[in-house]
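Everything on this sheet refers to the single structure shown next.
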Amino acid sequence: MKPEVEWLNTMAKSGRVTRYHNTPMITRQTIADHTWGVVLCLLWLTDGEVNNAIMKAAIYHDCPEIETGDIPAPAKVQNGVLRDALDDIESRFINSMNIGVELEEWESEIISIADTMELLLHCKKEIVMGNRHAQRVFNKGFSYLIDKVTNFKQCDIGFTLMPDKFRYIVKQAESFLAEIQLWEPV
């Protein structure tokens with residue numbers, strides 16, 4: 001197979017990795033489903049003005065999971081050895097596939113915010129369908145995003161120095177957090 005075709009095949013296969021393997025879900029979600037949601041959240045957060053680097057990084061952000069699977073975030077946080085090993089595997093994959101994207105710290109944070117928003121949207125749909133297991137994941141994601149937004153706003157000097165676009169995005173995330181609690185998906 002030509003290298004270009006092999007690259008496309010590997011990247012496409014990465015989209016089939018299943019998320020939430022350790023939490024019962026009614027709707028199976030793949031990395032491709034999740035990435036689509038992250039991209040939509042990015043577009044909403046930025047009023048459709050996303051630079052190419054951020055968009056590429058968002059599209060590629062979970063592709064290395066073709067090598068590792070979707071490891072739950074708490075496992076990575078609680079186990080430094082596991083986190084370091086995963087970081088190494090992911091770095092090697094990113095380098096071998098040439099999908100690394102250089103971003104400013106605030107640009108990476110935008111992707112993190114969109115990533116968490118997508119998690120909350122998915123879990124909220126699950127909760128409304130009667131999946132009580134998704135509530136725990138929702139609560140952790142909600143707390144994580146609240147803490148992230150609060151920390152940005154409390155860091156007055158950093159918040160003041162951030163690009164206007166990022167300040168706007170933080171305000172959009174606050175609005176999302178207020179609405180997601182009340183939202184009843186159809």
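Residues in the structure tokens are named by chain (A, B, ... in the order shown) and by number from 1 within that chain; ligands are numbered from 1 in the order shown.
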
*Find the spatial neighbours of Pro74 of chain A, counting only C-alpha atoms, within a cut-off of 12 Å - ignore same-chain residues fewer than 3 positions away - and output them as a PyMOL selection string.*
chain A and resi 22+70-71+77-80+82-83+137+140-141+144

*For Ser112 of chain A, list every protein, DNA or RNA residue within 10 Å, evaluated using only C-alpha atoms, and leave out those in the same chain fewer than 4 positions away; present the list as a ChimeraX atom specification.*
/A:38,42,58,61,106-108,116-118,145,148

*asked:* Residues near segment 28-35 of chain A, anyone? I mean within 7 Å using only C-alpha atoms, not counting same-chain ones fewer than 5 positions away, as a list of chain:residue names.
replied: A:Gly15, A:Arg16, A:Val17, A:Thr18, A:Arg19, A:Ile59, A:Asp62, A:Glu118

Could those residues be written to a file, using N, CA and C atoms, as an mmCIF file, in the first residue's frame?
```
data_model
loop_
_atom_site.group_PDB
_atom_site.id
_atom_site.type_symbol
_atom_site.label_atom_id
_atom_site.label_comp_id
_atom_site.auth_asym_id
_atom_site.auth_seq_id
_atom_site.Cartn_x
_atom_site.Cartn_y
_atom_site.Cartn_z
ATOM 1 N N GLY A 15 -10.657 6.713 14.129
ATOM 2 C CA GLY A 15 -11.998 7.208 14.408
ATOM 3 C C GLY A 15 -12.945 6.151 14.917
ATOM 4 N N ARG A 16 -12.593 4.883 14.749
ATOM 5 C CA ARG A 16 -13.470 3.795 15.193
ATOM 6 C C ARG A 16 -13.216 3.355 16.631
ATOM 7 N N VAL A 17 -12.226 3.946 17.292
ATOM 8 C CA VAL A 17 -11.966 3.609 18.693
ATOM 9 C C VAL A 17 -13.191 4.001 19.521
ATOM 10 N N THR A 18 -13.612 3.103 20.399
ATOM 11 C CA THR A 18 -14.801 3.337 21.226
ATOM 12 C C THR A 18 -14.427 4.073 22.502
ATOM 13 N N ARG A 19 -15.240 5.059 22.834
ATOM 14 C CA ARG A 19 -15.074 5.816 24.077
ATOM 15 C C ARG A 19 -15.935 5.192 25.187
ATOM 16 N N ILE A 59 -9.067 18.043 15.303
ATOM 17 C CA ILE A 59 -9.389 16.840 14.528
ATOM 18 C C ILE A 59 -8.453 15.693 14.898
ATOM 19 N N ASP A 62 -7.462 13.028 19.368
ATOM 20 C CA ASP A 62 -7.608 11.690 19.941
ATOM 21 C C ASP A 62 -7.139 10.570 19.012
ATOM 22 N N GLU A 118 -18.191 18.748 24.633
ATOM 23 C CA GLU A 118 -18.743 17.611 23.887
ATOM 24 C C GLU A 118 -19.050 16.461 24.846
#
```

*In Å, how far is it from atom CA of Gln181 of chain A to atom CA of His122 of chain A?*
12.8 Å

_Using only C-alpha atoms for the distances, tell me which of A:Val5, A:Ala134, A:Leu103, A:Ala75 is nearest to Ala57 of chain A._
A:Leu103

*Counting only C-alpha atoms, figure out which residue out of A:Ser96, A:Ala178, A:Tyr20, A:Leu121 gets nearest to Glu6 of chain A.*
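Smallest separation from Glu6 of chain A among the options: A:Ser96.
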
*Please provide the set of residues having any atom within 10 Å of Val149 of chain A, restricted to only C-alpha atoms, with same-chain residues fewer than 4 positions apart removed, written as a ChimeraX atom specification.*
/A:113,143-145,153-154,169-171,173-174,177

Filtering to N, CA and C atoms, could you give me those residues as a PDB file, in the first residue's frame?
```pdb
ATOM      1  N   ILE A 113     -11.539  23.028  26.250  1.00  0.00           N
ATOM      2  CA  ILE A 113     -12.891  23.475  26.588  1.00  0.00           C
ATOM      3  C   ILE A 113     -13.910  22.794  25.669  1.00  0.00           C
ATOM      4  N   SER A 143     -17.613  19.742  36.717  1.00  0.00           N
ATOM      5  CA  SER A 143     -16.710  20.328  37.726  1.00  0.00           C
ATOM      6  C   SER A 143     -15.388  20.749  37.097  1.00  0.00           C
ATOM      7  N   TYR A 144     -14.873  19.922  36.212  1.00  0.00           N
ATOM      8  CA  TYR A 144     -13.611  20.226  35.532  1.00  0.00           C
ATOM      9  C   TYR A 144     -13.728  21.527  34.737  1.00  0.00           C
ATOM     10  N   LEU A 145     -14.816  21.664  33.977  1.00  0.00           N
ATOM     11  CA  LEU A 145     -14.975  22.864  33.150  1.00  0.00           C
ATOM     12  C   LEU A 145     -15.255  24.101  34.005  1.00  0.00           C
ATOM     13  N   LYS A 153     -10.688  33.134  34.932  1.00  0.00           N
ATOM     14  CA  LYS A 153     -11.226  34.439  35.329  1.00  0.00           C
ATOM     15  C   LYS A 153     -10.537  34.988  36.585  1.00  0.00           C
ATOM     16  N   GLN A 154     -10.111  34.121  37.501  1.00  0.00           N
ATOM     17  CA  GLN A 154      -9.476  34.584  38.732  1.00  0.00           C
ATOM     18  C   GLN A 154      -8.041  35.023  38.508  1.00  0.00           C
ATOM     19  N   ILE A 169     -14.276  33.383  24.390  1.00  0.00           N
ATOM     20  CA  ILE A 169     -14.512  31.942  24.458  1.00  0.00           C
ATOM     21  C   ILE A 169     -14.799  31.512  25.893  1.00  0.00           C
ATOM     22  N   VAL A 170     -14.077  32.067  26.856  1.00  0.00           N
ATOM     23  CA  VAL A 170     -14.327  31.741  28.265  1.00  0.00           C
ATOM     24  C   VAL A 170     -15.752  32.168  28.641  1.00  0.00           C
ATOM     25  N   LYS A 171     -16.178  33.313  28.172  1.00  0.00           N
ATOM     26  CA  LYS A 171     -17.553  33.773  28.446  1.00  0.00           C
ATOM     27  C   LYS A 171     -18.576  32.851  27.771  1.00  0.00           C
ATOM     28  N   ALA A 173     -18.111  29.681  27.226  1.00  0.00           N
ATOM     29  CA  ALA A 173     -18.100  28.456  28.030  1.00  0.00           C
ATOM     30  C   ALA A 173     -18.945  28.634  29.293  1.00  0.00           C
ATOM     31  N   GLU A 174     -18.879  29.807  29.908  1.00  0.00           N
ATOM     32  CA  GLU A 174     -19.720  30.089  31.081  1.00  0.00           C
ATOM     33  C   GLU A 174     -21.200  29.989  30.716  1.00  0.00           C
ATOM     34  N   LEU A 177     -22.165  26.389  30.356  1.00  0.00           N
ATOM     35  CA  LEU A 177     -22.299  25.712  31.647  1.00  0.00           C
ATOM     36  C   LEU A 177     -23.643  26.029  32.300  1.00  0.00           C
TER      37      LEU A 177
END
```

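If only C-alpha atoms are the atoms counted, then among A:Trp183, A:Lys13, A:Ile54, A:Met25 the closest residue to Ala114 of chain A is A:Ile54.
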
*Which of A:Ala53, A:Ala73, A:Leu40, A:Ile66 sits closest to Ala12 of chain A [using only C-alpha atoms]*: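 Distance minimum relative to Ala12 of chain A lands on A:Ile66.
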
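In this model, the gap between atom CA of Ile26 of chain A and atom CA of Thr68 of chain A comes to 23.3 Å.
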
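Remark: for Asp87 of chain A, the closest of the candidate residues A:Glu49, A:Glu65, A:Glu102, A:Glu126 is A:Glu65 (distances computed over only C-alpha atoms).
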
*Separation of atom CA of Val39 of chain A from atom CA of Met55 of chain A in Å*: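 Interatomic distance, atom CA of Met55 of chain A to atom CA of Val39 of chain A: 7.2 Å.
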
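Residue nearest Ile180 of chain A, chosen from A:Phe166, A:Phe142, A:Trp44, A:Phe152 and counting only C-alpha atoms: A:Phe142.
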
_Picked from chain A by DSSP as helix (DSSP H, G or I), as JSON, numbers by chain_ = {"A": [3, 4, 5, 6, 7, 8, 9, 10, 11, 12, 13, 14, 31, 32, 33, 34, 35, 36, 37, 38, 39, 40, 41, 42, 43, 44, 45, 52, 53, 54, 55, 56, 57, 58, 59, 60, 65, 66, 67, 68, 73, 74, 75, 76, 77, 78, 80, 81, 82, 83, 84, 85, 86, 87, 88, 89, 90, 91, 92, 93, 94, 95, 96, 97, 105, 106, 107, 108, 109, 110, 111, 112, 113, 114, 115, 116, 117, 118, 119, 120, 121, 122, 123, 124, 125, 126, 127, 128, 133, 134, 135, 136, 137, 138, 139, 140, 141, 142, 143, 144, 145, 146, 147, 148, 149, 150, 151, 152, 153, 154, 156, 157, 158, 159, 160, 161, 164, 165, 166, 167, 168, 169, 170, 171, 172, 173, 174, 175, 176, 177, 178, 179, 180]}

*Would you kindly return, as a list in words, each protein, DNA or RNA residue with an atom no farther than 8 Å from any atom of Phe138 of chain A, considering only C-alpha atoms and excluding same-chain residues fewer than 6 positions away?*
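So the residues in contact are Leu119, Leu120, Cys123 and Lys124 of chain A.
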